[in-house]
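Below: the structure, in structure tokens.
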Amino acid sequence: MNCPWCGLEAGPRALHAHLGEAHAGAVGTTERNGKVLYEVTCPECGARYEHVMRKGARDPEFTAEFGSAITMVAMDMLVHHLMGEHQQQAGEQQRTGD
């Protein structure tokens, strides 16, 4: 697998660690309708993944305290997306010769 931002080639676990360390800034938080969400956007296709942080709305310091853990969960979602969507497309392209 390749990092979608810098092209680093690594297996899923190593890529996950790399994304959390080198590209943590790609994970953002937002508030909508009184709920706090974390989000990450795939730089290859623009698909955005977000998830509600239930404790984030009740505890304003939750995001600051658990920021690195939140980043790793978001990057895990991105790795799964890359494996499911972009690895599959790469395999299809190789079979069809594109």
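The way I read the labels, and the way they are meant: chains A, B, ... in the order of the structure tokens, residue 1 as the first residue of every chain, and ligand 1 as the first ligand shown, with later ones counted on from there.
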
Using only C-alpha atoms, find each residue of stretch 10-59 of chain A with at least one atom at most 10 Å away from an atom of stretch 71-82 of chain A; report its shortest atom-to-atom pair and that distance in Å (one decimal), sort the rows by chain and rising residue number, and return the result as a tab-separated table.
residue	atom	partner	partner_atom	distance
A:Pro12	CA	A:Val79	CA	6.8
A:Arg13	CA	A:Val79	CA	8.8
A:Leu15	CA	A:Val79	CA	7.7
A:His16	CA	A:Met75	CA	6.3
A:Ala17	CA	A:Met72	CA	7.8
A:His18	CA	A:Met75	CA	9.5
A:Leu19	CA	A:Met75	CA	6.5
A:Gly20	CA	A:Met72	CA	5.6
A:Glu21	CA	A:Met72	CA	9.0
A:His23	CA	A:Met75	CA	9.1
A:Ala24	CA	A:Thr71	CA	6.2
A:Gly25	CA	A:Thr71	CA	8.6
A:Ala26	CA	A:Thr71	CA	8.7
A:Val27	CA	A:Thr71	CA	6.0
A:Gly28	CA	A:Thr71	CA	8.4
A:Thr29	CA	A:Thr71	CA	9.9
A:Tyr38	CA	A:Ala74	CA	7.3
A:Glu39	CA	A:Ala74	CA	6.7
A:Val40	CA	A:Ala74	CA	6.3
A:Thr41	CA	A:Leu78	CA	7.9
A:Cys42	CA	A:Leu78	CA	6.8
A:Pro43	CA	A:Leu78	CA	9.9
A:Glu44	CA	A:Leu82	CA	8.8
A:Cys45	CA	A:Leu82	CA	9.8
A:Ala47	CA	A:His81	CA	9.0
A:Arg48	CA	A:Leu78	CA	9.1
A:Tyr49	CA	A:Met77	CA	7.5
A:Glu50	CA	A:Ala74	CA	8.0
A:His51	CA	A:Ala74	CA	8.5

| task | Show which residues sit within 9 Å of A:Met1, as an MDAnalysis selection string. Count only C-alpha atoms, and ignore same-chain residues fewer than 6 positions away. | result | chainID A and resid 7:12 15 82:83 87

| said: Using Å and a single decimal, report how far atom CA of A:Asn33 sits from atom CA of A:Ser68. | reply: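 It comes out at 24.3 Å.
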
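From atom CA of A:Phe62 back to atom CA of A:Thr30, the distance works out to 13.4 Å.
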
| Among chain A, which residues carry a DSSP assignment of alpha helix (DSSP H), reported as number ranges by chain? | A: 12-22, 54-58, 62-65, 67-81, 88-96

Could you write out the selected residues, including C-alpha atoms, as a PDB file, in the first residue's frame?
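Written out: result.pdb:
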ATOM      1  CA  PRO A  12      -1.480  -1.777   6.380  1.00  0.00           C
ATOM      2  CA  ARG A  13      -0.189  -1.659   9.981  1.00  0.00           C
ATOM      3  CA  ALA A  14       2.923   0.319   9.111  1.00  0.00           C
ATOM      4  CA  LEU A  15       0.898   2.640   6.883  1.00  0.00           C
ATOM      5  CA  HIS A  16      -1.583   3.206   9.722  1.00  0.00           C
ATOM      6  CA  ALA A  17       1.258   4.185  12.074  1.00  0.00           C
ATOM      7  CA  HIS A  18       2.817   6.419   9.406  1.00  0.00           C
ATOM      8  CA  LEU A  19      -0.470   8.207   8.730  1.00  0.00           C
ATOM      9  CA  GLY A  20      -0.966   8.926  12.428  1.00  0.00           C
ATOM     10  CA  GLU A  21       2.550  10.262  12.847  1.00  0.00           C
ATOM     11  CA  ALA A  22       3.222  12.087   9.583  1.00  0.00           C
ATOM     12  CA  ARG A  54     -20.274  11.201  22.089  1.00  0.00           C
ATOM     13  CA  LYS A  55     -18.014  12.272  24.938  1.00  0.00           C
ATOM     14  CA  GLY A  56     -16.785  15.258  22.924  1.00  0.00           C
ATOM     15  CA  ALA A  57     -20.081  17.104  23.297  1.00  0.00           C
ATOM     16  CA  ARG A  58     -20.253  16.526  27.047  1.00  0.00           C
ATOM     17  CA  PHE A  62     -12.030  15.332  25.582  1.00  0.00           C
ATOM     18  CA  THR A  63     -10.719  16.142  22.100  1.00  0.00           C
ATOM     19  CA  ALA A  64      -7.552  17.734  23.440  1.00  0.00           C
ATOM     20  CA  GLU A  65      -6.900  14.927  25.908  1.00  0.00           C
ATOM     21  CA  GLY A  67      -6.489  13.779  20.232  1.00  0.00           C
ATOM     22  CA  SER A  68      -3.861  11.215  19.256  1.00  0.00           C
ATOM     23  CA  ALA A  69      -6.238   8.292  19.879  1.00  0.00           C
ATOM     24  CA  ILE A  70      -8.946  10.036  17.839  1.00  0.00           C
ATOM     25  CA  THR A  71      -6.441  10.568  15.020  1.00  0.00           C
ATOM     26  CA  MET A  72      -5.499   6.889  15.005  1.00  0.00           C
ATOM     27  CA  VAL A  73      -9.151   5.799  14.853  1.00  0.00           C
ATOM     28  CA  ALA A  74      -9.781   8.171  11.937  1.00  0.00           C
ATOM     29  CA  MET A  75      -6.659   6.926  10.139  1.00  0.00           C
ATOM     30  CA  ASP A  76      -7.827   3.356  10.691  1.00  0.00           C
ATOM     31  CA  MET A  77     -11.021   4.254   8.842  1.00  0.00           C
ATOM     32  CA  LEU A  78      -8.903   5.727   6.040  1.00  0.00           C
ATOM     33  CA  VAL A  79      -6.685   2.626   5.771  1.00  0.00           C
ATOM     34  CA  HIS A  80      -9.792   0.430   5.499  1.00  0.00           C
ATOM     35  CA  HIS A  81     -11.167   2.748   2.827  1.00  0.00           C
ATOM     36  CA  GLN A  88      -9.590  -3.155  -5.385  1.00  0.00           C
ATOM     37  CA  GLN A  89      -9.509  -0.590  -8.201  1.00  0.00           C
ATOM     38  CA  ALA A  90      -5.776  -1.105  -8.668  1.00  0.00           C
ATOM     39  CA  GLY A  91      -6.309  -4.864  -8.929  1.00  0.00           C
ATOM     40  CA  GLU A  92      -9.098  -4.395 -11.479  1.00  0.00           C
ATOM     41  CA  GLN A  93      -6.903  -2.082 -13.557  1.00  0.00           C
ATOM     42  CA  GLN A  94      -4.094  -4.629 -13.581  1.00  0.00           C
ATOM     43  CA  ARG A  95      -6.464  -7.375 -14.780  1.00  0.00           C
ATOM     44  CA  THR A  96      -7.898  -5.213 -17.573  1.00  0.00           C
TER      45      THR A  96
END

| All strand (DSSP E) residues (DSSP, backbone) inside chain A, as a ChimeraX atom specification | /A:28-32,35-41,48-53

Preceding selection exported with N, CA and C atoms as a PDB file, in the first residue's frame:
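Below you can see out-v2.pdb, which holds the result:
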ATOM      1  N   GLY A  28      -9.615  16.163  11.216  1.00  0.00           N
ATOM      2  CA  GLY A  28     -10.180  17.364  11.798  1.00  0.00           C
ATOM      3  C   GLY A  28     -11.360  17.051  12.688  1.00  0.00           C
ATOM      4  N   THR A  29     -11.773  18.051  13.431  1.00  0.00           N
ATOM      5  CA  THR A  29     -12.982  17.930  14.237  1.00  0.00           C
ATOM      6  C   THR A  29     -13.905  19.072  13.862  1.00  0.00           C
ATOM      7  N   THR A  30     -15.174  18.820  13.995  1.00  0.00           N
ATOM      8  CA  THR A  30     -16.177  19.843  13.696  1.00  0.00           C
ATOM      9  C   THR A  30     -17.351  19.657  14.644  1.00  0.00           C
ATOM     10  N   GLU A  31     -18.133  20.687  14.779  1.00  0.00           N
ATOM     11  CA  GLU A  31     -19.328  20.597  15.608  1.00  0.00           C
ATOM     12  C   GLU A  31     -20.535  20.867  14.725  1.00  0.00           C
ATOM     13  N   ARG A  32     -21.532  20.018  14.870  1.00  0.00           N
ATOM     14  CA  ARG A  32     -22.743  20.169  14.075  1.00  0.00           C
ATOM     15  C   ARG A  32     -23.927  19.725  14.923  1.00  0.00           C
ATOM     16  N   LYS A  35     -23.250  18.349  18.309  1.00  0.00           N
ATOM     17  CA  LYS A  35     -22.437  17.134  18.385  1.00  0.00           C
ATOM     18  C   LYS A  35     -21.050  17.422  17.830  1.00  0.00           C
ATOM     19  N   VAL A  36     -20.050  16.793  18.427  1.00  0.00           N
ATOM     20  CA  VAL A  36     -18.676  16.926  17.959  1.00  0.00           C
ATOM     21  C   VAL A  36     -18.339  15.688  17.133  1.00  0.00           C
ATOM     22  N   LEU A  37     -17.748  15.901  15.961  1.00  0.00           N
ATOM     23  CA  LEU A  37     -17.395  14.808  15.061  1.00  0.00           C
ATOM     24  C   LEU A  37     -15.919  14.904  14.703  1.00  0.00           C
ATOM     25  N   TYR A  38     -15.286  13.756  14.469  1.00  0.00           N
ATOM     26  CA  TYR A  38     -13.965  13.775  13.853  1.00  0.00           C
ATOM     27  C   TYR A  38     -14.154  13.363  12.412  1.00  0.00           C
ATOM     28  N   GLU A  39     -13.263  13.842  11.533  1.00  0.00           N
ATOM     29  CA  GLU A  39     -13.424  13.553  10.116  1.00  0.00           C
ATOM     30  C   GLU A  39     -12.071  13.460   9.425  1.00  0.00           C
ATOM     31  N   VAL A  40     -12.054  12.682   8.359  1.00  0.00           N
ATOM     32  CA  VAL A  40     -10.870  12.551   7.513  1.00  0.00           C
ATOM     33  C   VAL A  40     -11.370  12.387   6.075  1.00  0.00           C
ATOM     34  N   THR A  41     -10.665  13.006   5.146  1.00  0.00           N
ATOM     35  CA  THR A  41     -11.046  12.952   3.737  1.00  0.00           C
ATOM     36  C   THR A  41      -9.967  12.222   2.958  1.00  0.00           C
ATOM     37  N   ARG A  48     -15.314  11.486   2.239  1.00  0.00           N
ATOM     38  CA  ARG A  48     -15.102  11.980   3.602  1.00  0.00           C
ATOM     39  C   ARG A  48     -15.758  11.038   4.584  1.00  0.00           C
ATOM     40  N   TYR A  49     -15.022  10.706   5.613  1.00  0.00           N
ATOM     41  CA  TYR A  49     -15.522   9.846   6.670  1.00  0.00           C
ATOM     42  C   TYR A  49     -15.575  10.655   7.952  1.00  0.00           C
ATOM     43  N   GLU A  50     -16.685  10.548   8.654  1.00  0.00           N
ATOM     44  CA  GLU A  50     -16.836  11.256   9.916  1.00  0.00           C
ATOM     45  C   GLU A  50     -17.571  10.371  10.904  1.00  0.00           C
ATOM     46  N   HIS A  51     -17.344  10.674  12.178  1.00  0.00           N
ATOM     47  CA  HIS A  51     -17.990   9.887  13.225  1.00  0.00           C
ATOM     48  C   HIS A  51     -18.216  10.785  14.436  1.00  0.00           C
ATOM     49  N   VAL A  52     -19.347  10.607  15.074  1.00  0.00           N
ATOM     50  CA  VAL A  52     -19.692  11.389  16.261  1.00  0.00           C
ATOM     51  C   VAL A  52     -18.847  10.943  17.439  1.00  0.00           C
ATOM     52  N   MET A  53     -18.318  11.917  18.175  1.00  0.00           N
ATOM     53  CA  MET A  53     -17.607  11.643  19.435  1.00  0.00           C
ATOM     54  C   MET A  53     -18.591  11.970  20.555  1.00  0.00           C
TER      55      MET A  53
END
